[in-house]
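What follows is the content of model-v8.pdb, which has PDB, C-alpha atoms, pLDDT in the B column:
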```pdb
ATOM      1  CA  MET A 258      -9.817 -35.714 -25.294  1.00 46.00           C
ATOM      2  CA  PRO A 259      -7.793 -35.786 -22.063  1.00 50.00           C
ATOM      3  CA  SER A 260      -9.554 -34.144 -19.123  1.00 51.00           C
ATOM      4  CA  PHE A 261      -6.941 -31.401 -18.712  1.00 49.00           C
ATOM      5  CA  LEU A 262      -7.496 -30.358 -22.360  1.00 48.00           C
ATOM      6  CA  LYS A 263     -11.252 -30.369 -21.876  1.00 50.00           C
ATOM      7  CA  SER A 264     -10.846 -28.028 -18.939  1.00 52.00           C
ATOM      8  CA  LEU A 265      -8.760 -25.668 -21.077  1.00 51.00           C
ATOM      9  CA  PHE A 266     -10.616 -25.869 -24.392  1.00 54.00           C
ATOM     10  CA  GLY A 267     -13.905 -27.615 -23.714  1.00 54.00           C
ATOM     11  CA  SER A 268     -17.088 -25.617 -23.934  1.00 55.00           C
ATOM     12  CA  LYS A 269     -18.731 -25.077 -20.596  1.00 59.00           C
ATOM     13  CA  GLN A 270     -22.482 -25.603 -20.613  1.00 61.00           C
ATOM     14  CA  PRO A 271     -24.372 -22.718 -19.006  1.00 66.00           C
ATOM     15  CA  GLN A 272     -26.066 -23.670 -15.755  1.00 84.00           C
ATOM     16  CA  LYS A 273     -29.604 -22.466 -15.188  1.00 90.00           C
ATOM     17  CA  GLN A 274     -30.571 -21.794 -11.604  1.00 94.00           C
ATOM     18  CA  LEU A 275     -34.209 -21.667 -10.565  1.00 95.00           C
ATOM     19  CA  ALA A 276     -35.094 -18.592  -8.510  1.00 95.00           C
ATOM     20  CA  VAL A 277     -38.201 -16.866  -7.229  1.00 95.00           C
ATOM     21  CA  ALA A 278     -39.066 -13.284  -8.184  1.00 94.00           C
ATOM     22  CA  GLU A 279     -41.248 -11.498  -5.649  1.00 95.00           C
ATOM     23  CA  PRO A 280     -43.596  -8.809  -6.966  1.00 96.00           C
ATOM     24  CA  GLY A 281     -42.630  -5.284  -5.949  1.00 95.00           C
ATOM     25  CA  LYS A 282     -39.234  -6.293  -4.579  1.00 96.00           C
ATOM     26  CA  MET A 283     -36.157  -4.741  -6.186  1.00 96.00           C
ATOM     27  CA  PHE A 284     -33.273  -6.983  -7.210  1.00 95.00           C
ATOM     28  CA  ALA A 285     -29.893  -6.463  -8.851  1.00 95.00           C
ATOM     29  CA  TRP A 286     -29.912  -7.595 -12.489  1.00 96.00           C
ATOM     30  CA  LYS A 287     -26.271  -8.072 -13.438  1.00 95.00           C
ATOM     31  CA  ALA A 288     -25.211  -7.154 -16.969  1.00 95.00           C
ATOM     32  CA  GLY A 289     -25.043 -10.262 -19.149  1.00 95.00           C
ATOM     33  CA  CYS A 290     -27.245 -12.303 -16.813  1.00 96.00           C
ATOM     34  CA  TRP A 291     -30.114 -14.031 -18.661  1.00 97.00           C
ATOM     35  CA  LEU A 292     -33.547 -14.294 -17.026  1.00 97.00           C
ATOM     36  CA  GLU A 293     -35.947 -16.900 -18.436  1.00 97.00           C
ATOM     37  CA  ALA A 294     -39.638 -16.895 -17.562  1.00 97.00           C
ATOM     38  CA  THR A 295     -41.533 -20.054 -16.627  1.00 97.00           C
ATOM     39  CA  GLU A 296     -44.833 -18.185 -17.117  1.00 96.00           C
ATOM     40  CA  LYS A 297     -45.876 -14.680 -18.166  1.00 96.00           C
ATOM     41  CA  THR A 298     -43.624 -12.314 -16.193  1.00 97.00           C
ATOM     42  CA  VAL A 299     -43.200  -8.534 -16.380  1.00 97.00           C
ATOM     43  CA  PHE A 300     -40.038  -6.775 -15.232  1.00 97.00           C
ATOM     44  CA  LEU A 301     -39.574  -3.038 -14.712  1.00 96.00           C
ATOM     45  CA  LEU A 302     -36.202  -1.456 -15.418  1.00 96.00           C
ATOM     46  CA  PRO A 303     -35.067   2.145 -14.959  1.00 95.00           C
ATOM     47  CA  GLY A 304     -35.275   4.323 -18.050  1.00 91.00           C
ATOM     48  CA  GLN A 305     -31.756   5.568 -17.319  1.00 90.00           C
ATOM     49  CA  LEU A 306     -30.452   2.320 -18.845  1.00 90.00           C
ATOM     50  CA  VAL A 307     -31.005   3.984 -22.219  1.00 85.00           C
ATOM     51  CA  ARG A 308     -28.727   6.941 -22.680  1.00 84.00           C
ATOM     52  CA  ASP A 309     -29.078   9.785 -25.192  1.00 80.00           C
ATOM     53  CA  GLY A 310     -28.877   8.511 -28.745  1.00 81.00           C
ATOM     54  CA  GLU A 311     -29.193   4.841 -27.788  1.00 83.00           C
ATOM     55  CA  LYS A 312     -31.985   2.499 -28.726  1.00 84.00           C
ATOM     56  CA  ILE A 313     -33.623   0.101 -26.283  1.00 81.00           C
ATOM     57  CA  GLY A 314     -32.560  -2.793 -28.519  1.00 83.00           C
ATOM     58  CA  SER A 315     -28.904  -1.967 -27.929  1.00 88.00           C
ATOM     59  CA  ILE A 316     -29.392  -2.299 -24.159  1.00 92.00           C
ATOM     60  CA  ILE A 317     -31.803  -5.255 -23.932  1.00 95.00           C
ATOM     61  CA  GLU A 318     -31.246  -8.499 -25.820  1.00 95.00           C
ATOM     62  CA  ALA A 319     -34.148 -10.928 -26.025  1.00 96.00           C
ATOM     63  CA  SER A 320     -34.334 -14.598 -26.971  1.00 95.00           C
ATOM     64  CA  SER A 321     -36.961 -13.928 -29.647  1.00 94.00           C
ATOM     65  CA  ALA A 322     -38.592 -11.093 -31.561  1.00 93.00           C
ATOM     66  CA  ASP A 323     -41.854 -11.875 -29.736  1.00 95.00           C
ATOM     67  CA  VAL A 324     -40.593 -10.487 -26.402  1.00 96.00           C
ATOM     68  CA  LYS A 325     -42.495  -7.300 -25.659  1.00 96.00           C
ATOM     69  CA  ILE A 326     -40.550  -4.212 -24.593  1.00 94.00           C
ATOM     70  CA  GLY A 327     -42.411  -1.036 -23.675  1.00 92.00           C
ATOM     71  CA  PHE A 328     -41.460   2.223 -22.050  1.00 89.00           C
ATOM     72  CA  THR A 329     -42.834   5.286 -20.301  1.00 90.00           C
ATOM     73  CA  GLU A 330     -41.560   8.665 -21.417  1.00 86.00           C
ATOM     74  CA  SER A 331     -40.995  11.645 -19.146  1.00 86.00           C
ATOM     75  CA  PRO A 332     -43.673  14.377 -19.371  1.00 91.00           C
ATOM     76  CA  ASP A 333     -41.386  16.501 -21.578  1.00 90.00           C
ATOM     77  CA  ARG A 334     -40.852  13.407 -23.827  1.00 85.00           C
ATOM     78  CA  LYS A 335     -37.070  13.913 -23.700  1.00 83.00           C
ATOM     79  CA  SER A 336     -36.188  10.780 -21.760  1.00 82.00           C
ATOM     80  CA  ILE A 337     -37.470   7.373 -20.741  1.00 85.00           C
ATOM     81  CA  THR A 338     -38.485   6.966 -17.099  1.00 90.00           C
ATOM     82  CA  GLU A 339     -39.341   3.249 -17.079  1.00 94.00           C
ATOM     83  CA  ILE A 340     -38.827   0.199 -19.284  1.00 94.00           C
ATOM     84  CA  ARG A 341     -41.282  -2.718 -19.160  1.00 96.00           C
ATOM     85  CA  LEU A 342     -40.114  -6.127 -20.302  1.00 96.00           C
ATOM     86  CA  LYS A 343     -42.778  -8.816 -20.745  1.00 97.00           C
ATOM     87  CA  LEU A 344     -41.574 -12.397 -21.065  1.00 97.00           C
ATOM     88  CA  GLU A 345     -43.819 -15.362 -21.819  1.00 97.00           C
ATOM     89  CA  ALA A 346     -42.944 -18.902 -20.682  1.00 97.00           C
ATOM     90  CA  GLY A 347     -39.636 -19.979 -22.227  1.00 97.00           C
ATOM     91  CA  GLN A 348     -38.621 -16.479 -23.320  1.00 97.00           C
ATOM     92  CA  SER A 349     -35.507 -14.882 -21.890  1.00 97.00           C
ATOM     93  CA  ALA A 350     -33.667 -11.576 -21.897  1.00 97.00           C
ATOM     94  CA  THR A 351     -30.433  -9.975 -20.773  1.00 97.00           C
ATOM     95  CA  ILE A 352     -29.311  -6.393 -20.271  1.00 96.00           C
ATOM     96  CA  ARG A 353     -26.017  -4.781 -21.289  1.00 94.00           C
ATOM     97  CA  ARG A 354     -25.673  -2.653 -18.131  1.00 94.00           C
ATOM     98  CA  SER A 355     -26.326  -3.771 -14.570  1.00 95.00           C
ATOM     99  CA  ALA A 356     -29.422  -2.224 -13.007  1.00 96.00           C
ATOM    100  CA  GLN A 357     -31.978  -2.523 -10.252  1.00 96.00           C
ATOM    101  CA  ALA A 358     -35.104  -4.236 -11.559  1.00 97.00           C
ATOM    102  CA  MET A 359     -38.463  -5.286 -10.193  1.00 97.00           C
ATOM    103  CA  MET A 360     -40.975  -7.961 -11.142  1.00 96.00           C
ATOM    104  CA  VAL A 361     -44.575  -6.733 -11.180  1.00 95.00           C
ATOM    105  CA  ALA A 362     -47.743  -8.812 -11.105  1.00 93.00           C
ATOM    106  CA  ASP A 363     -51.413  -7.858 -10.855  1.00 91.00           C
ATOM    107  CA  ASP A 364     -52.105 -11.032  -8.871  1.00 94.00           C
ATOM    108  CA  GLN A 365     -49.158 -10.432  -6.474  1.00 92.00           C
ATOM    109  CA  ARG A 366     -47.965 -14.021  -6.945  1.00 95.00           C
ATOM    110  CA  GLU A 367     -44.286 -14.914  -6.962  1.00 95.00           C
ATOM    111  CA  ARG A 368     -42.884 -16.086 -10.296  1.00 96.00           C
ATOM    112  CA  LYS A 369     -40.265 -18.749 -10.823  1.00 96.00           C
ATOM    113  CA  ILE A 370     -37.532 -17.761 -13.238  1.00 97.00           C
ATOM    114  CA  TYR A 371     -34.377 -19.357 -14.499  1.00 97.00           C
ATOM    115  CA  ILE A 372     -31.162 -17.373 -14.165  1.00 96.00           C
ATOM    116  CA  THR A 373     -28.033 -17.966 -16.233  1.00 95.00           C
ATOM    117  CA  SER A 374     -25.158 -15.810 -15.023  1.00 89.00           C
ATOM    118  CA  PRO A 375     -22.629 -14.371 -17.481  1.00 81.00           C
ATOM    119  CA  ASP A 376     -19.891 -16.460 -15.821  1.00 70.00           C
ATOM    120  CA  ASP A 377     -21.838 -19.637 -16.653  1.00 55.00           C
ATOM    121  CA  ALA A 378     -22.509 -18.610 -20.248  1.00 48.00           C
ATOM    122  CA  ALA A 379     -18.832 -18.038 -21.081  1.00 45.00           C
TER     123      ALA A 379
END
```
For the structure just supplied, provide its representation as structure tokens.
Amino acid sequence: MPSFLKSLFGSKQPQKQLAVAEPGKMFAWKAGCWLEATEKTVFLLPGQLVRDGEKIGSIIEASSADVKIGFTESPDRKSITEIRLKLEAGQSATIRRSAQAMMVADDQRERKIYITSPDDAA
């Protein structure tokens, strides 16, 4: 196929970028951006990502059914205050709405993660 046709119709391979997540430091998680763990990694997301009547599964997409998603409810049990997303090595996830997120770790070690931006995945 001629190169100009490939540029128009060829499928672009997503590019993974290696990044470092620092425990306790907030970062912007862009909607559609995939994060892939290189080792067990836990991310905290704001509960406000899930609006009334929505399910967590409609907001967070994971690479496998084994990805663990937990949440903390408000004291009145009417809303979610925090979402916990636990990824094992090789697992990935994306969110449908952009949000501030934070990686947490009991050992306070940085974690390496792969990032695939929505622009790269198109």
Carefully work through the PyMOL selection byres ((chain A and resi 367) around 10) for this structure and note down the residues it includes, as a ChimeraX atom specification. /A:277-281,298,360-362,364-366,368-370
Could you tell me which of A:Gln274, A:Ser374, A:Thr295, A:Gln305 comes closest to Ser336 (chain A) if we count only C-alpha atoms?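 Between A:Gln274, A:Ser374, A:Thr295, A:Gln305, the residue approaching Ser336 (chain A) most closely is A:Gln305.
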I need the residue set behind the PyMOL selection byres ((chain A and resi 289) around 8) for this file; please write it as a ChimeraX atom specification. /A:287-288,290-291,351-354,374-375
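Counting only C-alpha atoms, Ala356 (chain A) has the following residues at most 9 Å away, ignoring those fewer than 5 positions along the same chain: Phe284, Ala285, Trp286, Lys287, Ala288, Leu302, Pro303 and Leu306 of chain A.
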Which neighbours of region 346-350 of chain A fall inside 7 Å, counting all atoms listed in the file, when residues of the same chain fewer than 6 positions from it are skipped, and could you give them as a ChimeraX atom specification? /A:291-297,317-320
Using C-alpha atoms, can you export the residues from the last selection as an mmCIF file, in the frame of the given file?
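What follows is the written file selection-v6.cif:
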```
data_model
loop_
_atom_site.group_PDB
_atom_site.id
_atom_site.type_symbol
_atom_site.label_atom_id
_atom_site.label_comp_id
_atom_site.auth_asym_id
_atom_site.auth_seq_id
_atom_site.Cartn_x
_atom_site.Cartn_y
_atom_site.Cartn_z
ATOM 1 C CA TRP A 291 -30.114 -14.031 -18.661
ATOM 2 C CA LEU A 292 -33.547 -14.294 -17.026
ATOM 3 C CA GLU A 293 -35.947 -16.900 -18.436
ATOM 4 C CA ALA A 294 -39.638 -16.895 -17.562
ATOM 5 C CA THR A 295 -41.533 -20.054 -16.627
ATOM 6 C CA GLU A 296 -44.833 -18.185 -17.117
ATOM 7 C CA LYS A 297 -45.876 -14.680 -18.166
ATOM 8 C CA ILE A 317 -31.803 -5.255 -23.932
ATOM 9 C CA GLU A 318 -31.246 -8.499 -25.820
ATOM 10 C CA ALA A 319 -34.148 -10.928 -26.025
ATOM 11 C CA SER A 320 -34.334 -14.598 -26.971
#
```
Target residues per the PyMOL selection byres ((chain A and resi 300) around 6), formatted as a list in words: Val299, Leu301, Arg341, Leu342, Met359 and Met360 of chain A
For Thr329 (chain A), please output as a list in words all residues within 7 Å (counting all atoms listed in the file; exclusion window: fewer than 2 positions along the same chain). Ser331, Ile337, Thr338, Glu339 and Ile340 of chain A
Nearest to Phe328 (chain A): which of A:Gly304, A:Gln272, A:Ser315, A:Leu344 is it, counting all atoms listed in the file?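 Distance minimum relative to Phe328 (chain A) lands on A:Gly304.
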